[in-house]
Every structure is written in structure tokens, then in C-alpha cells.
$ cat work34.csv   # CSV, C-alpha atoms
chain,number,residue,atom,x,y,z
B,1,MET,CA,-229.9,117.6,-84.5
B,2,GLU,CA,-227.2,116.5,-82.1
B,3,THR,CA,-223.6,116.3,-83.3
B,4,LYS,CA,-221.2,113.6,-82.0
B,5,ILE,CA,-217.4,113.1,-82.5
B,6,PHE,CA,-216.0,109.5,-82.5
B,7,ARG,CA,-212.3,108.8,-82.4
B,8,LYS,CA,-210.6,106.4,-84.7
B,9,GLY,CA,-211.5,102.8,-83.6
B,10,ASP,CA,-214.7,103.8,-81.8
B,11,VAL,CA,-217.7,101.6,-82.4
B,12,ILE,CA,-220.6,103.8,-83.4
B,13,ILE,CA,-223.2,101.0,-84.0
B,14,GLU,CA,-222.8,97.6,-82.5
B,15,LYS,CA,-224.4,94.7,-84.4
B,16,GLY,CA,-227.4,93.4,-82.4
B,17,SER,CA,-228.1,96.7,-80.5
B,18,HIS,CA,-231.5,98.3,-80.6
B,19,GLU,CA,-230.6,102.0,-81.3
B,20,THR,CA,-233.1,103.9,-83.5
B,21,CYS,CA,-231.0,106.7,-84.8
B,22,ALA,CA,-229.6,107.5,-88.3
B,23,TYR,CA,-226.2,109.2,-88.8
B,24,VAL,CA,-224.9,111.6,-91.4
B,25,ILE,CA,-221.1,111.8,-91.7
B,26,GLU,CA,-219.9,115.5,-91.5
B,27,SER,CA,-216.2,114.6,-91.6
B,28,GLY,CA,-214.1,111.4,-91.4
B,29,ARG,CA,-214.9,107.8,-92.5
B,30,VAL,CA,-216.6,104.7,-91.1
B,31,GLU,CA,-216.4,101.0,-91.8
B,32,VAL,CA,-219.5,98.9,-92.0
B,33,SER,CA,-218.8,95.2,-91.2
B,34,GLY,CA,-220.5,91.9,-90.5
B,35,LEU,CA,-219.7,88.3,-90.1
B,36,VAL,CA,-219.4,85.9,-93.0
B,37,ASN,CA,-218.6,82.3,-92.1
B,38,ASN,CA,-217.7,83.5,-88.6
B,39,LYS,CA,-215.1,85.9,-90.1
B,40,LYS,CA,-215.2,89.7,-90.2
B,41,ALA,CA,-216.2,91.0,-93.6
B,42,ILE,CA,-216.1,94.7,-94.6
B,43,LEU,CA,-219.4,95.6,-96.3
B,44,ALA,CA,-218.7,99.3,-97.0
B,45,ILE,CA,-216.5,102.3,-96.4
B,46,LEU,CA,-218.5,105.5,-96.1
B,47,GLY,CA,-217.2,109.1,-96.1
B,48,GLU,CA,-218.4,112.6,-95.9
B,49,LYS,CA,-222.2,113.2,-96.5
B,50,LYS,CA,-222.9,109.5,-96.5
B,51,ILE,CA,-225.8,108.1,-94.3
B,52,PHE,CA,-225.8,105.0,-92.2
B,53,GLY,CA,-228.2,103.4,-89.7
B,54,GLU,CA,-231.3,104.9,-91.5
B,55,MET,CA,-233.3,101.7,-91.1
B,56,GLY,CA,-233.3,102.2,-87.4
B,57,LEU,CA,-235.8,105.1,-88.0
B,58,VAL,CA,-238.5,102.8,-89.3
B,59,GLU,CA,-238.0,99.4,-87.9
B,60,ASP,CA,-237.3,98.0,-84.4
B,61,LYS,CA,-235.1,95.1,-85.4
B,62,PRO,CA,-231.6,94.8,-83.9
B,63,ARG,CA,-228.8,96.4,-85.9
B,64,SER,CA,-227.7,94.1,-88.7
B,65,ALA,CA,-224.1,95.4,-88.9
B,66,THR,CA,-221.3,97.0,-86.9
B,67,VAL,CA,-220.1,100.5,-87.8
B,68,THR,CA,-216.7,101.6,-86.7
B,69,ALA,CA,-214.9,105.0,-87.1
B,70,ILE,CA,-211.7,104.4,-89.2
B,71,ASP,CA,-210.7,108.1,-88.8
B,72,ASP,CA,-211.7,110.7,-86.2
B,73,THR,CA,-215.3,111.1,-87.4
B,74,LYS,CA,-218.0,113.8,-86.8
B,75,VAL,CA,-221.6,112.8,-87.4
B,76,ALA,CA,-225.0,114.4,-87.1
B,77,VAL,CA,-227.4,112.2,-85.2
B,78,ILE,CA,-231.0,112.0,-86.2
B,79,SER,CA,-233.5,110.4,-83.8
B,80,ARG,CA,-237.1,109.5,-84.7
B,81,GLU,CA,-238.2,112.6,-82.7
B,82,ASN,CA,-235.7,114.8,-84.6
B,83,PHE,CA,-237.0,113.3,-87.9
B,84,ASN,CA,-240.6,114.3,-87.2
B,85,GLU,CA,-239.6,117.8,-86.0
B,86,LEU,CA,-237.5,118.4,-89.1
B,87,PHE,CA,-240.3,117.1,-91.3
B,88,GLU,CA,-242.5,119.9,-90.0
B,89,LYS,CA,-239.9,122.7,-89.9
B,90,ASN,CA,-237.2,122.0,-92.5
B,91,PRO,CA,-238.1,118.9,-94.7
B,92,LYS,CA,-235.4,119.6,-97.3
B,93,VAL,CA,-232.8,118.6,-94.8
B,94,LEU,CA,-234.3,115.1,-94.7
B,95,LEU,CA,-234.3,114.5,-98.5
B,96,PRO,CA,-231.1,112.4,-98.6
B,97,ILE,CA,-232.3,110.2,-95.7
B,98,ILE,CA,-235.7,109.8,-97.3
B,99,LYS,CA,-234.1,108.8,-100.6
B,100,SER,CA,-231.9,106.3,-98.8
B,101,LEU,CA,-234.9,104.8,-96.9
B,102,PHE,CA,-236.9,104.4,-100.0
B,103,GLU,CA,-234.1,102.7,-101.8
B,104,ARG,CA,-233.5,100.3,-98.9
B,105,LEU,CA,-237.2,99.6,-98.6
B,106,ARG,CA,-237.6,99.0,-102.3
B,107,THR,CA,-234.7,96.5,-102.2
B,108,ALA,CA,-236.2,94.7,-99.2
B,109,ASN,CA,-239.6,94.5,-100.8
B,110,LYS,CA,-238.2,93.0,-103.9
B,111,MET,CA,-236.4,90.3,-101.9
B,112,LEU,CA,-239.6,89.5,-99.8
B,113,ILE,CA,-242.3,89.6,-102.5
B,114,SER,CA,-240.7,87.9,-105.5
B,115,LYS,CA,-241.1,85.0,-107.7
B,116,ASP,CA,-238.0,83.4,-106.1
B,117,THR,CA,-239.2,83.6,-102.5
B,118,LEU,CA,-242.9,82.7,-103.1
B,119,GLY,CA,-242.5,80.1,-105.9
B,120,GLU,CA,-243.8,79.8,-109.4
B,121,GLU,CA,-247.4,78.9,-108.4
B,122,ALA,CA,-248.0,82.0,-106.4
B,123,VAL,CA,-247.1,84.2,-109.4
B,124,GLU,CA,-248.6,82.2,-112.3
B,125,HIS,CA,-252.1,81.4,-111.0
B,126,LYS,CA,-253.4,85.0,-110.9
B,127,GLU,CA,-256.9,83.9,-112.0
B,128,LEU,CA,-257.4,82.6,-108.4
B,129,ASP,CA,-256.6,85.9,-106.8
B,130,GLN,CA,-260.0,87.4,-106.8
B,131,ALA,CA,-261.7,84.3,-105.4
B,132,LYS,CA,-260.1,84.7,-101.9
B,133,ILE,CA,-261.7,86.9,-99.3
B,134,VAL,CA,-259.5,87.9,-96.3
B,135,VAL,CA,-261.3,88.7,-93.0
B,136,LEU,CA,-259.7,89.9,-89.8
B,137,SER,CA,-261.4,89.6,-86.4
B,138,GLY,CA,-260.4,89.7,-82.7
B,139,THR,CA,-260.1,86.7,-80.4
B,140,ASN,CA,-260.2,88.6,-77.1
B,141,GLU,CA,-261.5,91.8,-75.7
B,142,THR,CA,-258.4,93.9,-76.6
B,143,SER,CA,-258.2,92.8,-80.2
B,144,ARG,CA,-262.0,93.0,-80.6
B,145,ASP,CA,-261.9,96.6,-79.3
B,146,ALA,CA,-259.2,97.5,-81.9
B,147,LEU,CA,-261.6,96.4,-84.6
B,148,ASP,CA,-264.7,98.1,-83.0
B,149,ASP,CA,-266.0,94.6,-82.2
B,150,CYS,CA,-266.5,93.9,-85.9
B,151,GLU,CA,-265.1,91.6,-88.5
B,152,MET,CA,-262.9,93.5,-91.0
B,153,GLU,CA,-262.9,92.4,-94.6
B,154,ILE,CA,-259.5,93.4,-96.0
B,155,ASN,CA,-259.8,94.6,-99.6
B,156,LYS,CA,-256.7,96.8,-99.8
B,157,PHE,CA,-253.3,95.2,-100.2
B,158,PRO,CA,-250.8,95.4,-98.6
B,159,PHE,CA,-252.8,95.9,-95.4
B,160,LYS,CA,-250.4,97.4,-92.8
B,161,VAL,CA,-250.7,97.1,-89.0
B,162,GLY,CA,-248.7,99.0,-86.3
B,163,ARG,CA,-248.8,100.9,-83.1
B,164,LEU,CA,-250.8,104.1,-82.6
B,165,HIS,CA,-248.5,107.1,-81.9
B,166,GLU,CA,-249.1,109.6,-79.1
B,167,SER,CA,-252.2,111.7,-79.7
B,168,GLY,CA,-251.5,114.9,-81.6
B,169,VAL,CA,-247.9,114.0,-82.4
B,170,VAL,CA,-246.8,113.9,-86.0
B,171,ASP,CA,-245.1,110.6,-86.9
B,172,VAL,CA,-244.2,110.5,-90.6
B,173,LEU,CA,-242.3,107.3,-90.1
B,174,SER,CA,-245.5,105.4,-89.3
B,175,ASP,CA,-247.6,104.0,-92.2
B,176,ASN,CA,-250.5,101.8,-91.2
B,177,ASP,CA,-254.1,100.9,-92.2
B,178,LEU,CA,-254.9,99.6,-88.7
B,179,TYR,CA,-253.4,101.3,-85.7
B,180,LEU,CA,-253.3,99.4,-82.4
B,181,GLU,CA,-253.3,101.4,-79.1
B,182,ASP,CA,-250.5,99.8,-77.0
B,183,PHE,CA,-248.8,100.9,-73.8
B,184,PRO,CA,-245.3,100.2,-72.3
B,185,PRO,CA,-243.8,97.7,-72.3
B,186,PHE,CA,-244.9,97.7,-75.9
B,187,ASN,CA,-245.8,94.5,-77.8
B,188,VAL,CA,-246.6,96.4,-81.0
B,189,SER,CA,-244.0,98.2,-83.1
B,190,ARG,CA,-244.8,101.4,-85.0
B,191,ASN,CA,-244.7,99.4,-88.3
B,192,HIS,CA,-245.4,95.8,-87.2
B,193,PHE,CA,-246.8,93.5,-89.9
B,194,SER,CA,-248.6,93.5,-93.2
B,195,ILE,CA,-251.0,91.2,-95.1
B,196,ASP,CA,-250.6,91.0,-98.8
B,197,LYS,CA,-251.8,89.1,-101.8
B,198,VAL,CA,-249.3,87.8,-104.3
B,199,GLY,CA,-250.9,85.9,-107.2
B,200,ALA,CA,-252.9,83.1,-105.6
B,201,GLU,CA,-251.3,83.4,-102.2
B,202,VAL,CA,-252.1,85.4,-99.1
B,203,VAL,CA,-248.8,86.4,-97.4
B,204,ILE,CA,-248.1,87.8,-93.9
B,205,ILE,CA,-244.9,89.9,-93.6
B,206,ASP,CA,-243.2,91.1,-90.5
B,207,ARG,CA,-242.1,94.7,-91.1
B,208,GLY,CA,-239.1,94.8,-88.9
B,209,SER,CA,-240.8,94.6,-85.5
B,210,LYS,CA,-238.8,94.3,-82.4
B,211,LEU,CA,-240.6,91.3,-80.9
B,212,GLY,CA,-241.7,89.6,-84.1
B,213,THR,CA,-245.1,88.3,-85.2
B,214,ILE,CA,-246.4,84.9,-84.2
B,215,VAL,CA,-248.5,83.0,-86.7
B,216,ASN,CA,-250.2,79.8,-85.7
B,217,GLY,CA,-247.9,79.5,-82.7
B,218,LYS,CA,-244.7,80.1,-84.5
B,219,ILE,CA,-242.7,83.3,-84.7
B,220,ILE,CA,-241.9,84.7,-88.1
B,221,ARG,CA,-239.1,87.3,-88.7
B,222,GLU,CA,-239.8,88.0,-92.4
B,223,GLN,CA,-242.7,86.4,-94.3
B,224,LEU,CA,-245.0,83.4,-94.4
B,225,ILE,CA,-247.4,82.1,-97.0
B,226,LEU,CA,-250.7,81.4,-95.3
B,227,LYS,CA,-252.0,77.9,-96.4
B,228,LYS,CA,-254.7,77.5,-93.7
B,229,SER,CA,-258.2,78.9,-94.1
B,230,ILE,CA,-258.1,80.1,-90.4
B,231,ASN,CA,-254.9,81.6,-89.0
B,232,GLU,CA,-254.1,83.0,-85.5
B,233,ILE,CA,-251.9,86.1,-85.4
B,234,THR,CA,-250.3,87.3,-82.2
B,235,VAL,CA,-248.7,90.8,-82.4
B,236,GLY,CA,-245.5,90.7,-80.3
B,237,MET,CA,-244.8,88.2,-77.6
B,238,HIS,CA,-246.8,85.1,-76.7
B,239,ASN,CA,-248.5,86.9,-73.8
B,240,SER,CA,-249.5,89.9,-76.0
B,241,PRO,CA,-253.1,91.0,-75.7
B,242,PHE,CA,-253.3,91.6,-79.4
B,243,VAL,CA,-254.4,88.2,-80.9
B,244,PHE,CA,-256.4,88.2,-84.1
B,245,LYS,CA,-258.0,85.6,-86.3
B,246,LEU,CA,-257.3,85.9,-90.1
B,247,GLU,CA,-259.7,83.9,-92.2
B,248,ILE,CA,-259.2,83.2,-95.9
B,249,ARG,CA,-262.5,82.3,-97.5
$ encode --input "work34.csv" --output "C-alpha cells"
Amino acid sequence: METKIFRKGDVIIEKGSHETCAYVIESGRVEVSGLVNNKKAILAILGEKKIFGEMGLVEDKPRSATVTAIDDTKVAVISRENFNELFEKNPKVLLPIIKSLFERLRTANKMLISKDTLGEEAVEHKELDQAKIVVLSGTNETSRDALDDCEMEINKFPFKVGRLHESGVVDVLSDNDLYLEDFPPFNVSRNHFSIDKVGAEVVIIDRGSKLGTIVNGKIIREQLILKKSINEITVGMHNSPFVFKLEIR
């Protein structure tokens, strides 16, 4: 792991940047801040042994807050590559980060898939759940090749889709049921989107991708309840070669 020293007042993470590292504070303190009603709001003060920026390891979204050193601060920097190397050689070092990631992901999942966000009907009409069959198919050569030129009936939920990592390289931060082989400049993030059933509804969720997920011509940044029987899903930008049809039967 690389070690860096930041002086008091230095910005370590700028809100909106696309870094993918996590940081462990070895000495000093940092301030986590954001904007509330266009005014700076301090979200947290973190000290020795605390972790910040960990969501950058698993998602490609811009940073959601600014982190500034409020003392001279020394941090250990963990990149995605470092994480995978340490997982193989010294996994105990990663336990605090893994615990922090799980807690953040649990909280995010509760916010996304909940009675409040999906409404009463989605949760209460569970008897309709088994009646819906969800089928994924390709609409062009690239997406059809990704599915071996077949329709795929999805019977495991959530069903997760993301980018295939380099051959032979361990990537413990990637968790998918369908891996798409993409090449630079990437359209597909390592953990891009998922399809889930919640009560009577079929839901598509963007998993923190860099370019977003386009559903029926409109980009989503978090989740969408699918009301149509046939939906078009574009993974990444409008010109992405990965375009799929999702049919709810």
C-alpha cells in the first residue's frame, strides 16, 4: 500500500472526482463535507484508523463528498489493484474496509429496495410474484454474443450484470451473474446494474456505474420499477454496443 502525507487544508478527495481509492488514516484528522442548500455542511470528522472513500473501490460514480485534511494527515492508500493483491496475500488487513463496505452497501440497499421507495402495492401483493417470468435477450450482435445467442430466463434475484475483468486476474470487488466483455473506452462498469423482484414488481437498479444505465431511452442513476412488458436496456452511453431486451411475461 502506498502512503501519502497531506498538509492541513489539503483536499484529499474532491466531490465529483472519479478516483477509485480508499484511504485509512494513520495519523491526523480529516473533515468530510458536502453542500446542503448551497451551503457547506460538515458531515463527519474522522481520526486515526478511520476509513474513507471506500465506496470508490466498488462503484464508478463520482465522489459524493469532499474530504479535507484538518491536521497534517498521513494516510494509507488502497487502490482496487492493491485490494485484490492484499486479498490473496494478507486478507486480515482488509477486514476493517470490508466491514465498512458491507455496512455502506446494506444501508444503500435498504434505501433502494424498501416499502417507502417502491410503494405499498409492490410489497403487499406478493401472491403475484410467482406469475411473472423475466427473460433477457440481445438486440444486436454484441449483446446476443454475450448471451450465447440465446434467450436467458432469469430465475435468480437479484440478477447482477457487470464487466468481465482481465483473464486470470482475481477481482474480489466484482460480483455478477452475467459478465460482459468490454474494451476501452469502457461502457460497462465492473458492477453495473441488477434486476430484482420486490413483491409484485420487477425493478432495475443501477449499481453505481460511471456512465449509468438507460432504460427505455431514459438514463437511470438509482432504480426504476418496470411497468412495461418489453423494456430496452442500454448498458452505458447511448452508443453502447450492449443493448438488451428485458421481457416480463
$ closest_residue --input "work34.csv" --among "B:Leu147, B:Leu164, B:Ile133, B:Val235" --to "Ile248 in chain B" --atoms "all atoms listed in the file"
B:Ile133
$ residues_around --input "work34.csv" --residues "range 55-72 of chain B" --least-positions-apart "6" --cutoff "10 Å" --atoms "all atoms listed in the file" --output "JSON, numbers by chain"
{"B": [5, 6, 7, 8, 9, 10, 11, 12, 13, 14, 15, 16, 17, 18, 19, 20, 21, 22, 27, 28, 29, 30, 31, 32, 33, 34, 35, 42, 43, 44, 45, 46, 47, 78, 79, 80, 81, 83, 97, 100, 101, 102, 104, 105, 172, 173, 174, 175, 189, 190, 191, 192, 207, 208, 209, 210, 211, 212, 221]}
$ atom_distance --input "work34.csv" --atom1 "CA of Leu95 in chain B" --atom2 "CA of Phe193 in chain B"
25.9 Å
$ residues_around --input "work34.csv" --residues "Asn216 in chain B" --least-positions-apart "3" --cutoff "9 Å" --atoms "all atoms listed in the file" --output "PyMOL selection string"
chain B and resi 219+231-234
$ residues_around --input "work34.csv" --residues "Glu2 in chain B" --least-positions-apart "4" --cutoff "10 Å" --atoms "all atoms listed in the file" --output "number ranges by chain"
B: 23, 75-79, 82
$ write_last_selection --input "work34.csv" --atoms "C-alpha atoms" --output "PDB file, in the frame of the given file"
ATOM      1  CA  TYR B  23    -226.200 109.200 -88.800  1.00  0.00           C
ATOM      2  CA  VAL B  75    -221.600 112.800 -87.400  1.00  0.00           C
ATOM      3  CA  ALA B  76    -225.000 114.400 -87.100  1.00  0.00           C
ATOM      4  CA  VAL B  77    -227.400 112.200 -85.200  1.00  0.00           C
ATOM      5  CA  ILE B  78    -231.000 112.000 -86.200  1.00  0.00           C
ATOM      6  CA  SER B  79    -233.500 110.400 -83.800  1.00  0.00           C
ATOM      7  CA  ASN B  82    -235.700 114.800 -84.600  1.00  0.00           C
TER       8      ASN B  82
END
$ closest_residue --input "work34.csv" --among "B:Val24, B:Ile195, B:Leu180, B:Ile214" --to "Val93 in chain B" --atoms "only C-alpha atoms"
B:Val24
$ atom_distance --input "work34.csv" --atom1 "CA of Glu247 in chain B" --atom2 "CA of Glu153 in chain B"
9.4 Å
$ atom_distance --input "work34.csv" --atom1 "CA of Phe87 in chain B" --atom2 "CA of Asn187 in chain B"
26.9 Å
$ closest_residue --input "work34.csv" --among "B:Asn38, B:Asn84, B:Thr73, B:Asn176" --to "Met1 in chain B" --atoms "only C-alpha atoms"
B:Asn84
$ residues_around --input "work34.csv" --residues "Asn155 in chain B" --least-positions-apart "2" --cutoff "10 Å" --atoms "all atoms listed in the file" --output "tab-separated table (two decimals) with C-alpha atoms, in the coordinates of the input"
chain	number	residue	atom	x	y	z
B	133	ILE	CA	-261.70	86.90	-99.30
B	134	VAL	CA	-259.50	87.90	-96.30
B	135	VAL	CA	-261.30	88.70	-93.00
B	152	MET	CA	-262.90	93.50	-91.00
B	153	GLU	CA	-262.90	92.40	-94.60
B	157	PHE	CA	-253.30	95.20	-100.20
B	158	PRO	CA	-250.80	95.40	-98.60
B	159	PHE	CA	-252.80	95.90	-95.40
B	196	ASP	CA	-250.60	91.00	-98.80
B	197	LYS	CA	-251.80	89.10	-101.80
$ closest_residue --input "work34.csv" --among "B:Gly217, B:Leu86, B:Lys132, B:Asp148" --to "Ser229 in chain B" --atoms "all atoms listed in the file"
B:Lys132
$ closest_residue --input "work34.csv" --among "B:Ala41, B:Ser194, B:Asp171, B:Lys4" --to "Glu85 in chain B" --atoms "all atoms listed in the file"
B:Asp171
$ build_atoms --input "work34.csv" --residues "range 146-167 of chain B" --atoms "N, CA and C atoms" --output "PDB file, in the frame of the given file"
ATOM      1  N   ALA B 146    -259.990  96.814 -80.800  1.00  0.00           N
ATOM      2  CA  ALA B 146    -259.200  97.500 -81.900  1.00  0.00           C
ATOM      3  C   ALA B 146    -259.933  97.465 -83.186  1.00  0.00           C
ATOM      4  N   LEU B 147    -260.852  96.513 -83.363  1.00  0.00           N
ATOM      5  CA  LEU B 147    -261.600  96.400 -84.600  1.00  0.00           C
ATOM      6  C   LEU B 147    -263.070  96.877 -84.403  1.00  0.00           C
ATOM      7  N   ASP B 148    -263.313  97.611 -83.307  1.00  0.00           N
ATOM      8  CA  ASP B 148    -264.700  98.100 -83.000  1.00  0.00           C
ATOM      9  C   ASP B 148    -265.664  96.947 -82.915  1.00  0.00           C
ATOM     10  N   ASP B 149    -265.172  95.805 -82.417  1.00  0.00           N
ATOM     11  CA  ASP B 149    -266.000  94.600 -82.200  1.00  0.00           C
ATOM     12  C   ASP B 149    -266.678  94.136 -83.484  1.00  0.00           C
ATOM     13  N   CYS B 150    -265.974  94.292 -84.603  1.00  0.00           N
ATOM     14  CA  CYS B 150    -266.500  93.900 -85.900  1.00  0.00           C
ATOM     15  C   CYS B 150    -265.491  92.998 -86.633  1.00  0.00           C
ATOM     16  N   GLU B 151    -265.981  92.219 -87.585  1.00  0.00           N
ATOM     17  CA  GLU B 151    -265.100  91.600 -88.500  1.00  0.00           C
ATOM     18  C   GLU B 151    -264.674  92.624 -89.568  1.00  0.00           C
ATOM     19  N   MET B 152    -263.413  92.582 -89.971  1.00  0.00           N
ATOM     20  CA  MET B 152    -262.900  93.500 -91.000  1.00  0.00           C
ATOM     21  C   MET B 152    -262.532  92.768 -92.238  1.00  0.00           C
ATOM     22  N   GLU B 153    -263.261  93.003 -93.311  1.00  0.00           N
ATOM     23  CA  GLU B 153    -262.900  92.400 -94.600  1.00  0.00           C
ATOM     24  C   GLU B 153    -261.781  93.258 -95.202  1.00  0.00           C
ATOM     25  N   ILE B 154    -260.655  92.640 -95.468  1.00  0.00           N
ATOM     26  CA  ILE B 154    -259.500  93.400 -96.000  1.00  0.00           C
ATOM     27  C   ILE B 154    -259.589  93.353 -97.530  1.00  0.00           C
ATOM     28  N   ASN B 155    -259.733  94.520 -98.120  1.00  0.00           N
ATOM     29  CA  ASN B 155    -259.800  94.600 -99.600  1.00  0.00           C
ATOM     30  C   ASN B 155    -258.786  95.574-100.163  1.00  0.00           C
ATOM     31  N   LYS B 156    -257.841  95.978 -99.326  1.00  0.00           N
ATOM     32  CA  LYS B 156    -256.700  96.800 -99.800  1.00  0.00           C
ATOM     33  C   LYS B 156    -255.434  96.078 -99.419  1.00  0.00           C
ATOM     34  N   PHE B 157    -254.559  95.908-100.388  1.00  0.00           N
ATOM     35  CA  PHE B 157    -253.300  95.200-100.200  1.00  0.00           C
ATOM     36  C   PHE B 157    -252.126  95.998-100.686  1.00  0.00           C
ATOM     37  N   PRO B 158    -251.011  96.018 -99.946  1.00  0.00           N
ATOM     38  CA  PRO B 158    -250.800  95.400 -98.600  1.00  0.00           C
ATOM     39  C   PRO B 158    -251.632  96.142 -97.565  1.00  0.00           C
ATOM     40  N   PHE B 159    -252.080  95.388 -96.563  1.00  0.00           N
ATOM     41  CA  PHE B 159    -252.800  95.900 -95.400  1.00  0.00           C
ATOM     42  C   PHE B 159    -251.819  95.969 -94.249  1.00  0.00           C
ATOM     43  N   LYS B 160    -251.530  97.180 -93.748  1.00  0.00           N
ATOM     44  CA  LYS B 160    -250.400  97.400 -92.800  1.00  0.00           C
ATOM     45  C   LYS B 160    -250.948  97.655 -91.389  1.00  0.00           C
ATOM     46  N   VAL B 161    -250.311  97.011 -90.403  1.00  0.00           N
ATOM     47  CA  VAL B 161    -250.700  97.100 -89.000  1.00  0.00           C
ATOM     48  C   VAL B 161    -249.539  97.572 -88.159  1.00  0.00           C
ATOM     49  N   GLY B 162    -249.791  98.516 -87.233  1.00  0.00           N
ATOM     50  CA  GLY B 162    -248.700  99.000 -86.300  1.00  0.00           C
ATOM     51  C   GLY B 162    -249.284  99.739 -85.164  1.00  0.00           C
ATOM     52  N   ARG B 163    -248.387 100.293 -84.365  1.00  0.00           N
ATOM     53  CA  ARG B 163    -248.800 100.900 -83.100  1.00  0.00           C
ATOM     54  C   ARG B 163    -249.233 102.383 -83.325  1.00  0.00           C
ATOM     55  N   LEU B 164    -250.277 102.749 -82.597  1.00  0.00           N
ATOM     56  CA  LEU B 164    -250.800 104.100 -82.600  1.00  0.00           C
ATOM     57  C   LEU B 164    -249.793 105.008 -81.862  1.00  0.00           C
ATOM     58  N   HIS B 165    -249.408 106.135 -82.491  1.00  0.00           N
ATOM     59  CA  HIS B 165    -248.500 107.100 -81.900  1.00  0.00           C
ATOM     60  C   HIS B 165    -249.239 107.962 -80.892  1.00  0.00           C
ATOM     61  N   GLU B 166    -248.478 108.716 -80.093  1.00  0.00           N
ATOM     62  CA  GLU B 166    -249.100 109.600 -79.100  1.00  0.00           C
ATOM     63  C   GLU B 166    -250.047 110.574 -79.803  1.00  0.00           C
ATOM     64  N   SER B 167    -251.166 110.833 -79.143  1.00  0.00           N
ATOM     65  CA  SER B 167    -252.200 111.700 -79.700  1.00  0.00           C
ATOM     66  C   SER B 167    -251.627 113.097 -79.988  1.00  0.00           C
TER      67      SER B 167
END
